[in-house]
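Okay, protein.cif now, which holds mmCIF, C-alpha atoms and all ligand atoms:
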```cif
data_work
loop_
_atom_site.group_PDB
_atom_site.id
_atom_site.type_symbol
_atom_site.label_atom_id
_atom_site.label_comp_id
_atom_site.auth_asym_id
_atom_site.auth_seq_id
_atom_site.Cartn_x
_atom_site.Cartn_y
_atom_site.Cartn_z
ATOM 1 C CA MET V 22 123.610 61.269 60.390
ATOM 2 C CA ARG V 23 122.719 64.456 58.513
ATOM 3 C CA LEU V 24 120.956 67.168 60.559
ATOM 4 C CA LEU V 25 118.293 68.956 58.499
ATOM 5 C CA ASP V 26 118.547 72.661 59.347
ATOM 6 C CA GLY V 27 115.034 74.028 59.759
ATOM 7 C CA ARG V 28 116.268 77.490 60.731
ATOM 8 C CA ALA V 29 118.145 77.885 57.445
ATOM 9 C CA MET V 30 115.148 76.624 55.463
ATOM 10 C CA ALA V 31 112.828 79.011 57.320
ATOM 11 C CA ALA V 32 115.164 81.930 56.591
ATOM 12 C CA GLU V 33 115.039 81.136 52.883
ATOM 13 C CA ILE V 34 111.236 80.842 52.852
ATOM 14 C CA GLY V 35 111.133 84.072 54.859
ATOM 15 C CA ARG V 36 112.830 86.027 52.071
ATOM 16 C CA GLY V 37 109.914 85.227 49.772
ATOM 17 C CA VAL V 38 107.449 86.183 52.507
ATOM 18 C CA VAL V 39 109.130 89.576 53.002
ATOM 19 C CA ASP V 40 108.881 90.278 49.242
ATOM 20 C CA GLU V 41 105.160 89.503 49.316
ATOM 21 C CA VAL V 42 104.606 91.672 52.395
ATOM 22 C CA GLU V 43 106.320 94.590 50.631
ATOM 23 C CA ARG V 44 104.128 94.154 47.569
ATOM 24 C CA LEU V 45 100.993 94.182 49.760
ATOM 25 C CA ALA V 46 102.230 97.309 51.561
ATOM 26 C CA GLU V 47 101.992 99.166 48.231
ATOM 27 C CA THR V 48 98.237 98.592 48.403
ATOM 28 C CA ASP V 49 98.096 99.558 52.095
ATOM 29 C CA VAL V 50 97.421 96.011 53.277
ATOM 30 C CA THR V 51 99.216 94.657 56.366
ATOM 31 C CA PRO V 52 98.769 90.880 56.533
ATOM 32 C CA THR V 53 97.244 90.151 59.920
ATOM 33 C CA LEU V 54 97.090 86.882 61.827
ATOM 34 C CA ALA V 55 94.847 86.249 64.837
ATOM 35 C CA VAL V 56 96.231 83.610 67.190
ATOM 36 C CA VAL V 57 93.622 82.158 69.543
ATOM 37 C CA VAL V 58 94.989 80.309 72.583
ATOM 38 C CA PRO V 59 92.250 78.547 74.550
ATOM 39 C CA SER V 60 94.653 76.866 77.007
ATOM 40 C CA ALA V 61 97.659 77.551 79.208
ATOM 41 C CA ASP V 62 99.628 74.699 77.626
ATOM 42 C CA PRO V 63 103.376 75.473 77.754
ATOM 43 C CA ALA V 64 104.008 74.408 74.134
ATOM 44 C CA ALA V 65 101.132 76.618 72.979
ATOM 45 C CA LEU V 66 102.413 79.614 74.941
ATOM 46 C CA SER V 67 105.914 79.100 73.584
ATOM 47 C CA TYR V 68 104.481 78.975 70.037
ATOM 48 C CA VAL V 69 102.779 82.351 70.620
ATOM 49 C CA GLN V 70 106.146 83.910 71.431
ATOM 50 C CA VAL V 71 107.820 82.309 68.420
ATOM 51 C CA ILE V 72 105.023 83.528 66.123
ATOM 52 C CA GLU V 73 105.187 87.097 67.473
ATOM 53 C CA ARG V 74 108.963 87.245 67.137
ATOM 54 C CA THR V 75 109.048 85.805 63.611
ATOM 55 C CA ALA V 76 106.053 87.806 62.377
ATOM 56 C CA GLY V 77 107.761 90.986 63.582
ATOM 57 C CA LYS V 78 110.778 90.160 61.433
ATOM 58 C CA VAL V 79 108.795 89.630 58.204
ATOM 59 C CA GLY V 80 106.184 92.388 58.706
ATOM 60 C CA VAL V 81 103.069 90.354 59.532
ATOM 61 C CA ALA V 82 100.831 91.804 62.273
ATOM 62 C CA VAL V 83 99.708 89.435 65.042
ATOM 63 C CA GLN V 84 96.801 89.657 67.490
ATOM 64 C CA VAL V 85 96.698 87.192 70.368
ATOM 65 C CA HIS V 86 93.366 86.223 71.927
ATOM 66 C CA HIS V 87 93.009 84.289 75.177
ATOM 67 C CA PRO V 88 89.291 83.465 75.409
ATOM 68 C CA ALA V 89 88.302 83.139 79.044
ATOM 69 C CA GLY V 90 86.851 79.931 80.411
ATOM 70 C CA GLY V 91 84.178 77.974 78.616
ATOM 71 C CA PRO V 92 83.636 76.893 75.020
ATOM 72 C CA ASP V 93 81.094 79.684 74.426
ATOM 73 C CA GLU V 94 83.799 82.332 74.743
ATOM 74 C CA LEU V 95 85.949 80.518 72.201
ATOM 75 C CA ALA V 96 83.027 80.395 69.765
ATOM 76 C CA ALA V 97 82.287 84.094 70.313
ATOM 77 C CA VAL V 98 85.898 85.111 69.630
ATOM 78 C CA LEU V 99 86.004 83.013 66.460
ATOM 79 C CA ASP V 100 82.693 84.356 65.161
ATOM 80 C CA LYS V 101 84.010 87.913 65.542
ATOM 81 C CA LEU V 102 87.287 87.110 63.801
ATOM 82 C CA ALA V 103 85.405 85.404 60.965
ATOM 83 C CA VAL V 104 83.792 88.707 59.912
ATOM 84 C CA ASP V 105 86.635 91.079 60.874
ATOM 85 C CA ARG V 106 87.938 92.440 57.549
ATOM 86 C CA ALA V 107 91.242 93.468 59.143
ATOM 87 C CA VAL V 108 92.034 89.834 60.015
ATOM 88 C CA HIS V 109 93.317 87.650 57.176
ATOM 89 C CA GLY V 110 94.328 84.474 59.015
ATOM 90 C CA VAL V 111 93.021 82.681 62.113
ATOM 91 C CA LEU V 112 94.917 80.028 64.074
ATOM 92 C CA VAL V 113 93.323 78.213 67.004
ATOM 93 C CA GLN V 114 96.000 76.475 68.987
ATOM 94 C CA THR V 115 95.614 73.006 70.412
ATOM 95 C CA PRO V 116 95.045 71.772 73.058
ATOM 96 C CA LEU V 117 91.377 72.753 72.836
ATOM 97 C CA PRO V 118 89.057 73.113 75.863
ATOM 98 C CA ALA V 119 87.880 69.767 77.258
ATOM 99 C CA GLY V 120 85.208 68.159 75.123
ATOM 100 C CA ARG V 121 85.847 70.303 72.023
ATOM 101 C CA THR V 122 87.014 68.633 68.831
ATOM 102 C CA ALA V 123 89.101 70.288 66.130
ATOM 103 C CA GLY V 124 86.195 69.760 63.730
ATOM 104 C CA GLU V 125 83.710 71.639 65.913
ATOM 105 C CA VAL V 126 86.102 74.526 66.409
ATOM 106 C CA GLY V 127 87.363 74.517 62.837
ATOM 107 C CA VAL V 128 83.930 75.092 61.277
ATOM 108 C CA ARG V 129 83.993 78.588 62.817
ATOM 109 C CA ILE V 130 87.088 79.540 60.803
ATOM 110 C CA PRO V 131 86.156 80.571 57.247
ATOM 111 C CA PRO V 132 88.250 78.477 54.808
ATOM 112 C CA VAL V 133 89.755 81.652 53.255
ATOM 113 C CA LYS V 134 91.191 82.537 56.691
ATOM 114 C CA ASP V 135 92.001 78.965 57.722
ATOM 115 C CA VAL V 136 95.803 79.331 57.606
ATOM 116 C CA ASP V 137 96.391 76.289 59.837
ATOM 117 C CA GLY V 138 93.951 73.974 58.090
ATOM 118 C CA MET V 139 91.528 73.285 60.939
ATOM 119 C CA ASN V 140 88.220 73.638 59.060
ATOM 120 C CA PRO V 141 86.919 70.175 58.034
ATOM 121 C CA LEU V 142 86.452 71.584 54.522
ATOM 122 C CA SER V 143 90.174 72.396 54.334
ATOM 123 C CA LEU V 144 91.117 68.878 55.400
ATOM 124 C CA GLY V 145 88.588 67.343 52.996
ATOM 125 C CA ARG V 146 89.871 69.418 50.097
ATOM 126 C CA LEU V 147 93.400 68.328 50.980
ATOM 127 C CA ALA V 148 92.266 64.705 50.883
ATOM 128 C CA LEU V 149 90.866 65.239 47.372
ATOM 129 C CA GLY V 150 93.895 67.167 46.088
ATOM 130 C CA LEU V 151 91.987 70.462 45.806
ATOM 131 C CA PRO V 152 93.600 73.794 46.761
ATOM 132 C CA ALA V 153 93.358 74.468 50.512
ATOM 133 C CA PHE V 154 95.577 75.581 53.363
ATOM 134 C CA PRO V 155 97.094 72.516 55.020
ATOM 135 C CA SER V 156 98.116 72.744 58.664
ATOM 136 C CA ALA V 157 101.436 74.595 58.741
ATOM 137 C CA THR V 158 103.072 71.742 60.654
ATOM 138 C CA ALA V 159 102.047 69.094 58.125
ATOM 139 C CA GLU V 160 103.158 71.379 55.316
ATOM 140 C CA ALA V 161 106.507 71.877 57.101
ATOM 141 C CA VAL V 162 107.131 68.118 57.220
ATOM 142 C CA VAL V 163 106.827 67.807 53.443
ATOM 143 C CA GLU V 164 108.585 71.125 52.740
ATOM 144 C CA ILE V 165 111.632 69.975 54.741
ATOM 145 C CA LEU V 166 111.755 66.591 52.989
ATOM 146 C CA ARG V 167 111.524 68.305 49.586
ATOM 147 C CA ARG V 168 114.236 70.841 50.385
ATOM 148 C CA ALA V 169 116.487 68.065 51.744
ATOM 149 C CA GLU V 170 115.871 66.201 48.468
ATOM 150 C CA VAL V 171 114.594 63.105 50.232
ATOM 151 C CA PRO V 172 112.807 61.051 47.540
ATOM 152 C CA LEU V 173 109.070 60.810 48.270
ATOM 153 C CA ALA V 174 107.507 58.995 45.298
ATOM 154 C CA GLY V 175 107.378 55.308 46.127
ATOM 155 C CA ALA V 176 109.076 55.828 49.490
ATOM 156 C CA ARG V 177 107.618 54.106 52.532
ATOM 157 C CA ALA V 178 106.561 56.716 55.069
ATOM 158 C CA CYS V 179 105.437 55.909 58.599
ATOM 159 C CA VAL V 180 103.514 58.664 60.374
ATOM 160 C CA ILE V 181 103.279 58.087 64.122
ATOM 161 C CA GLY V 182 100.276 60.048 65.392
ATOM 162 C CA ARG V 183 96.824 60.597 63.873
ATOM 163 C CA GLY V 184 95.837 63.960 65.303
ATOM 164 C CA PRO V 185 93.970 66.556 63.235
ATOM 165 C CA VAL V 186 96.829 69.093 63.232
ATOM 166 C CA VAL V 187 99.808 66.899 62.356
ATOM 167 C CA GLY V 188 99.375 63.158 61.785
ATOM 168 C CA LYS V 189 96.309 63.107 59.562
ATOM 169 C CA PRO V 190 97.169 66.040 57.287
ATOM 170 C CA ALA V 191 100.852 64.973 57.079
ATOM 171 C CA ALA V 192 99.729 61.523 55.932
ATOM 172 C CA LEU V 193 97.510 63.112 53.245
ATOM 173 C CA LEU V 194 100.313 65.371 51.980
ATOM 174 C CA LEU V 195 102.787 62.474 51.831
ATOM 175 C CA LEU V 196 100.196 60.425 49.969
ATOM 176 C CA ALA V 197 99.802 63.280 47.482
ATOM 177 C CA GLU V 198 103.571 63.003 46.901
ATOM 178 C CA ASP V 199 103.066 59.311 46.018
ATOM 179 C CA ALA V 200 104.649 57.942 49.192
ATOM 180 C CA THR V 201 103.330 54.664 50.569
ATOM 181 C CA VAL V 202 101.935 55.878 53.874
ATOM 182 C CA THR V 203 101.301 53.958 57.085
ATOM 183 C CA VAL V 204 99.601 55.824 59.934
ATOM 184 C CA CYS V 205 100.366 54.526 63.429
ATOM 185 C CA HIS V 206 98.783 55.491 66.737
ATOM 186 C CA SER V 207 98.359 54.500 70.375
ATOM 187 C CA ARG V 208 96.656 51.209 69.477
ATOM 188 C CA THR V 209 99.188 50.135 66.867
ATOM 189 C CA LYS V 210 100.724 46.728 67.548
ATOM 190 C CA ASP V 211 104.490 46.311 67.239
ATOM 191 C CA LEU V 212 104.988 50.008 66.564
ATOM 192 C CA ALA V 213 108.786 49.750 66.363
ATOM 193 C CA THR V 214 108.567 46.971 63.767
ATOM 194 C CA VAL V 215 106.159 48.957 61.598
ATOM 195 C CA ALA V 216 108.303 52.101 61.796
ATOM 196 C CA HIS V 217 111.438 50.084 61.055
ATOM 197 C CA GLU V 218 110.018 49.235 57.596
ATOM 198 C CA ALA V 219 109.933 52.891 56.612
ATOM 199 C CA ASP V 220 112.288 55.106 54.626
ATOM 200 C CA ILE V 221 110.756 58.144 56.343
ATOM 201 C CA VAL V 222 109.542 58.198 59.956
ATOM 202 C CA VAL V 223 107.429 61.169 61.071
ATOM 203 C CA ALA V 224 106.993 61.340 64.850
ATOM 204 C CA ALA V 225 104.051 63.459 66.044
ATOM 205 C CA VAL V 226 103.023 61.976 69.378
ATOM 206 C CA GLY V 227 104.226 64.185 72.217
ATOM 207 C CA GLN V 228 106.302 61.607 74.063
ATOM 208 C CA PRO V 229 110.006 62.271 74.660
ATOM 209 C CA LYS V 230 112.379 59.517 73.451
ATOM 210 C CA LEU V 231 109.561 57.432 71.965
ATOM 211 C CA VAL V 232 111.486 56.821 68.748
ATOM 212 C CA GLY V 233 114.554 54.735 69.578
ATOM 213 C CA ALA V 234 117.030 52.742 67.510
ATOM 214 C CA GLY V 235 114.554 49.882 67.058
ATOM 215 C CA PHE V 236 112.248 52.217 65.100
ATOM 216 C CA VAL V 237 114.792 53.267 62.499
ATOM 217 C CA ARG V 238 115.921 51.309 59.480
ATOM 218 C CA PRO V 239 119.558 52.092 58.558
ATOM 219 C CA GLY V 240 119.701 55.277 56.479
ATOM 220 C CA ALA V 241 116.082 56.291 57.122
ATOM 221 C CA THR V 242 115.064 59.952 57.448
ATOM 222 C CA VAL V 243 113.461 60.883 60.779
ATOM 223 C CA VAL V 244 111.235 63.968 61.075
ATOM 224 C CA ASP V 245 110.716 64.911 64.719
ATOM 225 C CA VAL V 246 107.507 66.928 65.161
ATOM 226 C CA GLY V 247 107.392 66.588 68.959
ATOM 227 C CA THR V 248 107.339 69.808 71.012
ATOM 228 C CA ASN V 249 107.571 68.616 74.594
ATOM 229 C CA VAL V 250 108.365 71.258 77.191
ATOM 230 C CA THR V 251 110.476 69.569 79.883
ATOM 231 C CA ASP V 252 112.843 70.643 82.658
ATOM 232 C CA ALA V 253 115.604 70.166 80.093
ATOM 233 C CA GLY V 254 113.873 72.619 77.708
ATOM 234 C CA LEU V 255 112.092 71.854 74.448
ATOM 235 C CA VAL V 256 112.587 68.218 73.331
ATOM 236 C CA GLY V 257 111.050 66.179 70.531
ATOM 237 C CA ASP V 258 109.744 62.605 70.343
ATOM 238 C CA VAL V 259 113.067 61.120 69.230
ATOM 239 C CA ASP V 260 115.864 59.592 71.302
ATOM 240 C CA VAL V 261 118.602 61.363 69.361
ATOM 241 C CA ASP V 262 121.585 59.553 70.932
ATOM 242 C CA ALA V 263 119.989 56.174 70.261
ATOM 243 C CA ILE V 264 119.155 56.772 66.596
ATOM 244 C CA ALA V 265 122.249 58.808 65.628
ATOM 245 C CA PRO V 266 124.299 55.745 64.585
ATOM 246 C CA VAL V 267 121.406 54.382 62.482
ATOM 247 C CA ALA V 268 119.444 57.214 60.873
ATOM 248 C CA GLY V 269 120.477 58.849 57.599
ATOM 249 C CA ALA V 270 118.996 62.232 58.517
ATOM 250 C CA LEU V 271 117.101 63.905 61.351
ATOM 251 C CA THR V 272 115.273 67.175 61.946
ATOM 252 C CA PRO V 273 116.498 68.409 65.354
ATOM 253 C CA VAL V 274 114.353 69.913 68.116
ATOM 254 C CA PRO V 275 114.725 72.826 68.447
ATOM 255 C CA GLY V 276 115.785 74.064 65.015
ATOM 256 C CA GLY V 277 113.927 71.598 62.786
ATOM 257 C CA VAL V 278 110.209 71.451 62.050
ATOM 258 C CA GLY V 279 109.332 74.346 64.427
ATOM 259 C CA PRO V 280 110.906 77.273 62.566
ATOM 260 C CA VAL V 281 109.613 76.007 59.195
ATOM 261 C CA THR V 282 106.108 75.604 60.656
ATOM 262 C CA THR V 283 106.129 79.179 61.926
ATOM 263 C CA MET V 284 107.295 80.606 58.602
ATOM 264 C CA LEU V 285 104.741 78.595 56.594
ATOM 265 C CA LEU V 286 101.984 79.827 58.912
ATOM 266 C CA LEU V 287 103.071 83.385 58.098
ATOM 267 C CA ARG V 288 103.341 82.582 54.389
ATOM 268 C CA ASN V 289 99.777 81.235 54.480
ATOM 269 C CA THR V 290 98.648 84.438 56.218
ATOM 270 C CA VAL V 291 100.243 86.544 53.477
ATOM 271 C CA LEU V 292 98.560 84.407 50.807
ATOM 272 C CA ALA V 293 95.219 84.833 52.590
ATOM 273 C CA ALA V 294 95.766 88.608 52.697
ATOM 274 C CA ARG V 295 96.570 88.665 48.976
ATOM 275 C CA HIS V 296 93.465 86.646 48.126
ATOM 276 C CA SER V 297 91.284 88.943 50.254
ATOM 277 C CA ARG V 298 91.915 91.873 47.934
HETATM 278 N N1 LIG M 301 96.552 74.362 65.737
HETATM 279 C C1 LIG M 301 97.810 74.271 66.181
HETATM 280 N N2 LIG M 301 98.830 74.296 65.282
HETATM 281 C C2 LIG M 301 100.131 74.225 65.711
HETATM 282 O O1 LIG M 301 101.054 74.264 64.875
HETATM 283 C C3 LIG M 301 100.398 74.114 67.126
HETATM 284 C C4 LIG M 301 99.292 74.101 67.992
HETATM 285 N N3 LIG M 301 98.024 74.148 67.503
HETATM 286 N N4 LIG M 301 99.471 74.032 69.341
HETATM 287 C C5 LIG M 301 100.783 74.164 69.929
HETATM 288 C C6 LIG M 301 101.842 73.545 69.054
HETATM 289 C C7 LIG M 301 103.274 73.956 69.378
HETATM 290 N N5 LIG M 301 103.813 74.452 68.145
HETATM 291 C C8 LIG M 301 105.117 74.938 67.958
HETATM 292 C C9 LIG M 301 105.555 75.359 66.725
HETATM 293 C C10 LIG M 301 106.848 75.863 66.546
HETATM 294 C C11 LIG M 301 107.715 75.939 67.610
HETATM 295 C C12 LIG M 301 109.089 76.458 67.385
HETATM 296 O O2 LIG M 301 109.374 77.083 66.384
HETATM 297 N N6 LIG M 301 110.022 76.192 68.292
HETATM 298 C C13 LIG M 301 111.416 76.562 68.136
HETATM 299 C C14 LIG M 301 112.080 76.785 69.454
HETATM 300 C C15 LIG M 301 111.522 77.911 70.240
HETATM 301 C C16 LIG M 301 112.189 78.059 71.578
HETATM 302 O O3 LIG M 301 113.310 77.618 71.749
HETATM 303 O O4 LIG M 301 111.535 78.653 72.439
HETATM 304 C C17 LIG M 301 112.163 75.418 67.445
HETATM 305 O O5 LIG M 301 111.639 74.310 67.381
HETATM 306 O O6 LIG M 301 113.293 75.656 67.017
HETATM 307 C C18 LIG M 301 107.309 75.505 68.857
HETATM 308 C C19 LIG M 301 106.006 75.016 69.021
HETATM 309 C C20 LIG M 301 102.829 74.487 67.193
HETATM 310 N N7 LIG M 301 101.673 74.024 67.651
#
```

Go ahead and express the file in the form of structure tokens.
Ligand SMILES: Nc1nc(=O)c2c([nH]1)NC[C@@H]1CN(c3ccc(C(=O)N[C@@H](CCC(=O)O)C(=O)O)cc3)C=[N+]21
Amino acid sequence: MRLLDGRAMAAEIGRGVVDEVERLAETDVTPTLAVVVPSADPAALSYVQVIERTAGKVGVAVQVHHPAGGPDELAAVLDKLAVDRAVHGVLVQTPLPAGRTAGEVGVRIPPVKDVDGMNPLSLGRLALGLPAFPSATAEAVVEILRRAEVPLAGARACVIGRGPVVGKPAALLLLAEDATVTVCHSRTKDLATVAHEADIVVAAVGQPKLVGAGFVRPGATVVDVGTNVTDAGLVGDVDVDAIAPVAGALTPVPGGVGPVTTMLLLRNTVLAARHSR
């Protein structure tokens, strides 16, 4: 089984990001990302640290906002960021406060600053093949497959998970690459059988070891998007020992989708900064 090295891919993407940041510096613009964290979720807090560390390396400025308490505070923070000319990109991390949907929150992020694709307009444009920022995670899934030269046109792709940040946009991006896409979720019958049909399995559920040997057709590529914080550290949704003898390739956790996601988020922020001029 081939391990797809997300850290190496992120480093390569990062070189292009640094070049762009230097070009913007000549016009006195520092690309700036606002990260809004409306929860104390461990995966969200770990992402904040990863973003700050990586942004520091490529020269993107980061502000972190922890809106207190209720949904009104979240809305107030977002409405300020929407009109703040010093802020080029806005990311609202899931999980959202109870009762809030990604759509309701996303409408408060202007599409030009929507570097993680949460505005319904961004997702709709993606569905129609119009230019828009996709979620960085969904973009990372396809970017990794492209860089690993996994054929996409005509390939059968099974996306497990239908959330607004990963499953849905990843399915749209794979469809745009002419894959035959099946989207599975908690109500899917015979999940393992459906996944076993696929050439590419994308796991975005949040359940350690969900994807076992029965899910993987021999030689298939498995993209593990899970970021589960456990006593054993960060683990994905894939039972690596079980699928290792069967799969053709796997993105490991850590070191797979995560680093590419972070770098694409920063690349989107730099693009947003460039377009703001
Ligand atoms: N709107 C939204 N978009 C997100 O993309 C989003 C979110 N909400 N909510 C929280 C989760 C979590 N998440 C991670 C991304 C990268 C790493 C990452 O790069 N992890 C490193 C390891 C870091 C370490 O070891 O501490 C790796 O996988 O190699 C982790 C977690 C994005 N999320």

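The closest residue to V:Val56, picked from V:Val104, V:Ala200, V:Ala31, V:Leu112 and counting only C-alpha atoms, is V:Leu112.
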
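Take the candidates V:Glu164, V:Glu43, V:Asp199, V:Asp26 and check each one against ligand LIG 301 (chain M) using only C-alpha atoms and all ligand atoms; the shortest distance goes to V:Asp26.
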
Return the padded bounding box of ligand LIG 301 (chain M) as lines of an AutoDock Vina configuration file: axis-aligned, built from all atoms listed in the file, 6 Å added on each side, with centre and edge lengths in Å to one decimal.
```
center_x = 104.9
center_y = 76.1
center_z = 68.7
size_x = 28.8
size_y = 17.1
size_z = 19.6
```

Could you make a table, as JSON lines, of the residues of stretch 62-139 of chain V that have an atom within 9 Å of an atom of stretch 35-42 of chain V, each with its nearest atom pair and distance in Å to one decimal, counting only C-alpha atoms, in chain and number order?
```
{"residue": "V:Lys78", "atom": "CA", "partner": "V:Val39", "partner_atom": "CA", "distance": 8.6}
{"residue": "V:Val79", "atom": "CA", "partner": "V:Val39", "partner_atom": "CA", "distance": 5.2}
{"residue": "V:Gly80", "atom": "CA", "partner": "V:Val42", "partner_atom": "CA", "distance": 6.5}
{"residue": "V:Val81", "atom": "CA", "partner": "V:Val42", "partner_atom": "CA", "distance": 7.4}
```

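Relative to atom CA of V:Gly175, atom CA of V:Gly138 is found at 25.9 Å.
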
Might you spell out which residues the PyMOL selection byres (((chain V and resi 161) around 12) and not hetatm) would select in the displayed file, as an MDAnalysis selection string? chainID V and resid 27:28 30:31 34 137 155:160 162:169 186:187 190:191 194:195 223 244:246 272 277:286 288:289

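Nearest residue to V:Leu144 among V:Ala263, V:Val226, V:Ala178, V:Ala192 is V:Ala192, counting only C-alpha atoms.
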
With only C-alpha atoms and all ligand atoms as the basis for distance, which of V:Thr48, V:Gln114, V:Asn140, V:Ser60 is at the shortest distance from ligand LIG 301 (chain M)? V:Gln114

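Between atom CA of V:Thr75 and atom CA of V:Pro185 the interatomic distance comes to 24.5 Å.
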
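Using only C-alpha atoms and all ligand atoms, the smallest distance between any of V:Gly235, V:Gly276, V:Gly254, V:Gly77 and ligand LIG 301 (chain M) comes from V:Gly276.
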
Let me know the residues the PyMOL selection byres (((chain V and resi 259) around 10) and not hetatm) catches in the file above, as a ChimeraX atom specification. /V:223-225,227-234,236,243-247,256-258,260-264,271-274

Name the residues that the PyMOL selection byres (((chain V and resi 141) around 7) and not hetatm) pulls out of this structure, and write them as a PyMOL selection string. chain V and resi 124+127-128+139-140+142-145

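Closest approach to ligand LIG 301 (chain M) from the set V:Ala148, V:Cys179, V:Ala96, V:Ile72 is made by V:Ile72, with distances taken over all atoms listed in the file.
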
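With atom CA of V:Leu102 on one side and atom CA of V:Ala76 on the other, the separation reads 18.8 Å.
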
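Shell of stretch 265-268 of chain V at 9 Å, with all atoms listed in the file counted and residues fewer than 5 places along the chain excluded, is V:Met22, V:Arg23, V:Ala234, V:Val237, V:Arg238, V:Pro239, V:Gly240, V:Ala241, V:Thr242, V:Val243, V:Asp260.
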
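Residues having any atom no farther than 12 Å from (97.4, 51.9, 62.1) (counting all atoms listed in the file) are Cys179, Val180, Ile181, Gly182, Arg183, Gly188, Lys189, Ala192, Val202, Thr203, Val204, Cys205, His206, Ser207, Arg208, Thr209, Lys210, Asp211, Leu212, Val215 and Ala216 of chain V.
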